[in-house]
Amino acid sequence: MDSISIAMLCFLVFIVIIIVVIPNEQKHSLEKNGKEAEGLIIGWKDLALSESQRMAQSISFPIIEFTTGKGEEITGKPIIGIAESEEPINVSVTILYNPENPSEFMLKRKKG
């Protein structure tokens, strides 16, 4: 293997860690230790893709606002929880947030 191939392999491993491993660890931490709150979808933000990466259907992140147990108002996109198509705004959702860093939150999975 030449040095360029090794560099590309290292880069790909790094990308997998960033895209898969870190969010997965955050997800498990939030599921275990996160505080629950009710949020409201106030809008949608398209995932920024270059023209060559665009899919037939766009991928969007919901923009959610919620209030923590301490009364802090948070507005942002979840670390996990993208949707394949935009849903209506002003929809209530349940989220799990990190009490030490409330801007780190995710949509809570519905059971069933």
# chains A, B, ... in the order shown; residues from 1 in each chain; ligands from 1
call {"tool": "residues_around", "arguments": {"residues": "stretch 87-103 of chain A", "least_positions_apart": "2", "cutoff": "10 Å", "atoms": "only C-alpha atoms", "output": "PyMOL selection string"}}
result
chain A and resi 26-27+29-44+60+62-70+72-79+81+83-85+105-110
call {"tool": "write_last_selection", "arguments": {"atoms": "N, CA and C atoms", "output": "compact mmCIF listing (two decimals), in the first residue's frame"}}
result
# COMPACT_ATOMS: atom_id res chain seq x y z
N GLN A 26 -23.30 9.42 21.91
CA GLN A 26 -24.14 10.49 22.45
C GLN A 26 -25.58 10.02 22.60
N LYS A 27 -26.06 9.27 21.61
CA LYS A 27 -27.43 8.75 21.64
C LYS A 27 -27.62 7.85 22.86
N SER A 29 -25.89 7.77 25.59
CA SER A 29 -25.78 8.57 26.80
C SER A 29 -27.08 9.33 27.08
N LEU A 30 -27.67 9.92 26.03
CA LEU A 30 -28.92 10.65 26.21
C LEU A 30 -30.06 9.71 26.57
N GLU A 31 -30.10 8.53 25.97
CA GLU A 31 -31.16 7.57 26.30
C GLU A 31 -31.05 7.13 27.75
N LYS A 32 -29.84 7.04 28.25
CA LYS A 32 -29.62 6.58 29.62
C LYS A 32 -29.74 7.70 30.65
N ASN A 33 -29.16 8.87 30.35
CA ASN A 33 -29.04 9.94 31.34
C ASN A 33 -29.80 11.22 31.00
N GLY A 34 -30.41 11.26 29.82
CA GLY A 34 -31.06 12.50 29.39
C GLY A 34 -32.33 12.80 30.15
N LYS A 35 -32.63 14.09 30.21
CA LYS A 35 -33.88 14.55 30.81
C LYS A 35 -34.90 14.72 29.70
N GLU A 36 -36.14 14.36 29.98
CA GLU A 36 -37.20 14.43 28.99
C GLU A 36 -37.87 15.80 29.03
N ALA A 37 -38.23 16.30 27.85
CA ALA A 37 -38.98 17.55 27.75
C ALA A 37 -39.86 17.50 26.51
N GLU A 38 -40.88 18.33 26.51
CA GLU A 38 -41.72 18.47 25.32
C GLU A 38 -41.18 19.64 24.51
N GLY A 39 -41.05 19.40 23.21
CA GLY A 39 -40.57 20.44 22.33
C GLY A 39 -41.56 20.71 21.22
N LEU A 40 -41.26 21.71 20.43
CA LEU A 40 -42.12 22.09 19.33
C LEU A 40 -41.26 22.27 18.08
N ILE A 41 -41.63 21.59 17.00
CA ILE A 41 -40.93 21.78 15.73
C ILE A 41 -41.36 23.14 15.19
N ILE A 42 -40.37 24.04 15.05
CA ILE A 42 -40.70 25.40 14.59
C ILE A 42 -40.22 25.64 13.15
N GLY A 43 -39.52 24.67 12.59
CA GLY A 43 -39.05 24.82 11.22
C GLY A 43 -38.19 23.63 10.82
N TRP A 44 -37.64 23.72 9.61
CA TRP A 44 -36.81 22.65 9.07
C TRP A 44 -35.59 23.25 8.40
N SER A 60 -33.79 16.61 5.83
CA SER A 60 -33.92 17.82 6.63
C SER A 60 -33.81 17.51 8.11
N PRO A 62 -35.17 18.78 11.83
CA PRO A 62 -36.17 19.64 12.44
C PRO A 62 -35.49 20.67 13.34
N ILE A 63 -35.99 21.87 13.34
CA ILE A 63 -35.55 22.90 14.29
C ILE A 63 -36.58 22.88 15.41
N ILE A 64 -36.10 22.63 16.61
CA ILE A 64 -36.99 22.40 17.75
C ILE A 64 -36.70 23.43 18.85
N GLU A 65 -37.76 23.88 19.48
CA GLU A 65 -37.58 24.72 20.67
C GLU A 65 -38.23 24.01 21.85
N PHE A 66 -37.54 24.09 23.00
CA PHE A 66 -38.05 23.48 24.22
C PHE A 66 -37.50 24.24 25.42
N THR A 67 -38.08 23.98 26.58
CA THR A 67 -37.65 24.60 27.82
C THR A 67 -37.14 23.51 28.75
N THR A 68 -35.95 23.71 29.31
CA THR A 68 -35.37 22.73 30.22
C THR A 68 -36.10 22.77 31.57
N GLY A 69 -35.79 21.80 32.40
CA GLY A 69 -36.36 21.76 33.74
C GLY A 69 -35.97 22.97 34.58
N LYS A 70 -34.86 23.65 34.20
CA LYS A 70 -34.40 24.84 34.91
C LYS A 70 -34.95 26.12 34.29
N GLU A 72 -34.55 27.13 31.11
CA GLU A 72 -33.75 27.65 30.02
C GLU A 72 -34.41 27.30 28.68
N GLU A 73 -34.59 28.30 27.83
CA GLU A 73 -35.19 28.07 26.52
C GLU A 73 -34.11 27.73 25.51
N ILE A 74 -34.30 26.62 24.79
CA ILE A 74 -33.33 26.13 23.82
C ILE A 74 -34.01 26.05 22.46
N THR A 75 -33.30 26.49 21.43
CA THR A 75 -33.75 26.33 20.05
C THR A 75 -32.58 25.77 19.26
N GLY A 76 -32.82 24.68 18.54
CA GLY A 76 -31.74 24.10 17.74
C GLY A 76 -32.18 22.85 17.03
N LYS A 77 -31.19 22.19 16.42
CA LYS A 77 -31.46 20.92 15.75
C LYS A 77 -30.91 19.80 16.60
N PRO A 78 -31.59 18.68 16.63
CA PRO A 78 -31.12 17.56 17.45
C PRO A 78 -29.82 16.97 16.90
N ILE A 79 -29.03 16.37 17.80
CA ILE A 79 -27.81 15.71 17.34
C ILE A 79 -28.16 14.46 16.56
N GLY A 81 -31.74 12.65 14.68
CA GLY A 81 -33.16 12.79 14.40
C GLY A 81 -33.39 13.58 13.13
N ALA A 83 -35.15 13.66 9.26
CA ALA A 83 -36.33 13.11 8.60
C ALA A 83 -36.10 13.17 7.10
N GLU A 84 -36.70 12.24 6.38
CA GLU A 84 -36.53 12.20 4.94
C GLU A 84 -37.36 13.24 4.22
N SER A 85 -38.36 13.74 4.86
CA SER A 85 -39.18 14.78 4.24
C SER A 85 -39.68 15.71 5.33
N PHE A 105 -29.35 17.51 22.30
CA PHE A 105 -30.61 16.80 22.51
C PHE A 105 -30.94 15.94 21.30
N MET A 106 -31.89 15.04 21.50
CA MET A 106 -32.33 14.17 20.42
C MET A 106 -33.83 13.94 20.54
N LEU A 107 -34.42 13.54 19.44
CA LEU A 107 -35.83 13.15 19.48
C LEU A 107 -35.94 11.82 20.22
N LYS A 108 -36.91 11.72 21.09
CA LYS A 108 -37.12 10.46 21.80
C LYS A 108 -37.87 9.52 20.88
N ARG A 109 -37.43 8.29 20.85
CA ARG A 109 -38.11 7.28 20.02
C ARG A 109 -39.46 6.94 20.60
N LYS A 110 -40.40 6.76 19.70
CA LYS A 110 -41.73 6.31 20.12
C LYS A 110 -41.68 4.80 20.29
